[in-house]
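Comments concern the structure below.
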Amino acid sequence: MIMTWRHGFVMLLALVLVLDERQADGAVSAEVQKLIHQANLNGPYVGLVIPNLFELSPLLRHPNFTSTNFTIPFSGRRFRFGIIGEKRVILVMTGLSLINAGITTQLLLTLFKIEGVVHYGIAGNANPSLNIGDVTIPQYWSQTSLWYWQRYGDGPLDELALESNGDYTREIGLLKFANFTTNVTACPSDDNLLNNVWYQPEEVFPIDGAPEQRQHAFWVPVDSKYFRTAKTVEDLKLEGCLNSTACLDEKPKVVTVQRGTSGSIFLDNAAYRSFIYSKFNVSPVDMESASLALICLQQRVPFIIIRALSNLAGGGSAESNEGSLRLGWWWLC
């Protein structure tokens, strides 16, 4: 018997009715609510959202950061409070991936009074004109791992399922797997069972829009004021050596670029790197930034993202793809 959605809905209701009553672990305890209230009395803050401890620790040790020795652990995160210059800040680590970055950013914006968000970390590089150690500040971010995978036999002229409803689109473009076929003689070079994937925008629900009325976003701009400020630090001098014997071939620089992209994919493939660079003109590629951008877009909170390039994704020169260098050069930035 094939279960229809109605059967599934009836079973769901029955399951809900027989479940034992349990304490909701997701509720904010009275103790944590008190700490959050205390923190917000001193707000607003700039939120510093950081992917991992390797990238967080240098900031915690930096003389320009003053800890207020006030920390709120909540929902698997630790919100650290401090001051940089004259700005009150909250530091929080996300962990790897779009999901973790999105959850962490939403918690930050929901719990605390935040006037803006800064996200920084290392990233792979898709732009062959940039080098390891360069610090990039993109003006736009996208999430390029949301795909419509087209069935074999259909092509660019065939409408996608649910396209007429506005669920999916062919406007952004496609990746044709047959274009990357190699060393195959038994089938045509323009054919591949994997066919095509079409890039899709995210559904977003801005706080100033009608509830449950979706909008779509693919390229998300950073805050224009923050980006103008970023341009003023492009002349910042960065060190090119870890010590007297370990130096970069090219001295690193700070550069504003047009675009960066994220996905729940660790990109270590030169062909795909070249494809997304030529198609989208992206420079840094990572696994978190676009998630933060999409959350801030929906919550109408200004943000900017800074990513230091750790390698040419998929390989290049020996230096640009040397995994052991990826962490070390970040300390220079």
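Please note that chains go A, B, ... in the order of the structure tokens, that every chain numbers its residues from 1, and that ligands are numbered from 1 in the order shown.
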
Give the strand (DSSP E or B) residues of region 31-258 of chain A, as DSSP finds them on the backbone, and put them as a VMD selection string. chain A and resid 45 to 50 65 to 74 77 to 84 87 to 93 114 to 125 135 to 143 147 to 149 174 to 176 196 to 199 202 to 204 215 to 217 220 to 221 241 247 254 to 258

Got a sec: who's within 12 Å of region 28-31 of chain A, counting only C-alpha atoms, leaving out chain neighbours fewer than 6 positions off, as an MDAnalysis selection string? chainID A and resid 37:38 72:75 107 110:111

Find the distance between CA of Ser283 (chain A) and CA of Gly314 (chain A) and write it in Å to one decimal.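 If I compute the distance from CA of Ser283 (chain A) to CA of Gly314 (chain A), I get 13.6 Å.
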
Identify, on the basis of only C-alpha atoms, every residue whose closest approach to Asp268 (chain A) does not exceed 8 Å; exclude the query and any residue fewer than 5 positions from it along the same chain; express the result as a ChimeraX atom specification. /A:273,313-315

Keeping only all heavy atoms, write the selected residues as a PDB file, in the first residue's frame.
ATOM      1  N   ARG A 273      36.979  24.436  -9.312  1.00  0.00           N
ATOM      2  CA  ARG A 273      37.460  25.771  -8.921  1.00  0.00           C
ATOM      3  C   ARG A 273      37.506  26.708 -10.125  1.00  0.00           C
ATOM      4  O   ARG A 273      37.026  27.843 -10.071  1.00  0.00           O
ATOM      5  CB  ARG A 273      38.865  25.650  -8.315  1.00  0.00           C
ATOM      6  CG  ARG A 273      39.536  26.992  -8.022  1.00  0.00           C
ATOM      7  CD  ARG A 273      41.040  26.828  -7.958  1.00  0.00           C
ATOM      8  NE  ARG A 273      41.644  26.706  -9.267  1.00  0.00           N
ATOM      9  CZ  ARG A 273      42.719  25.984  -9.535  1.00  0.00           C
ATOM     10  NH1 ARG A 273      43.302  25.263  -8.580  1.00  0.00           N
ATOM     11  NH2 ARG A 273      43.214  25.953 -10.760  1.00  0.00           N
ATOM     12  N   ALA A 313      42.423  26.325  -4.346  1.00  0.00           N
ATOM     13  CA  ALA A 313      41.598  25.119  -4.210  1.00  0.00           C
ATOM     14  C   ALA A 313      41.853  24.148  -5.354  1.00  0.00           C
ATOM     15  O   ALA A 313      41.752  24.516  -6.524  1.00  0.00           O
ATOM     16  CB  ALA A 313      40.124  25.512  -4.164  1.00  0.00           C
ATOM     17  N   GLY A 314      42.201  22.922  -5.019  1.00  0.00           N
ATOM     18  CA  GLY A 314      42.437  21.905  -6.031  1.00  0.00           C
ATOM     19  C   GLY A 314      43.851  21.828  -6.534  1.00  0.00           C
ATOM     20  O   GLY A 314      44.194  20.951  -7.315  1.00  0.00           O
ATOM     21  N   GLY A 315      44.712  22.752  -6.087  1.00  0.00           N
ATOM     22  CA  GLY A 315      46.122  22.653  -6.443  1.00  0.00           C
ATOM     23  C   GLY A 315      46.572  23.749  -7.375  1.00  0.00           C
ATOM     24  O   GLY A 315      45.843  24.258  -8.205  1.00  0.00           O
TER      25      GLY A 315
END

Could you tell me how far CA of Ala293 (chain A) sits from CA of Met93 (chain A), in Å to one decimal place?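 Separation between CA of Met93 (chain A) and CA of Ala293 (chain A): 15.8 Å.
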
Identify, on the basis of only C-alpha atoms, every residue whose closest approach to region 249-266 of chain A does not exceed 6 Å; exclude the query and any residue fewer than 6 positions from it along the same chain; express the result as a ChimeraX atom specification. /A:97,133-145,234,240,282-287,290
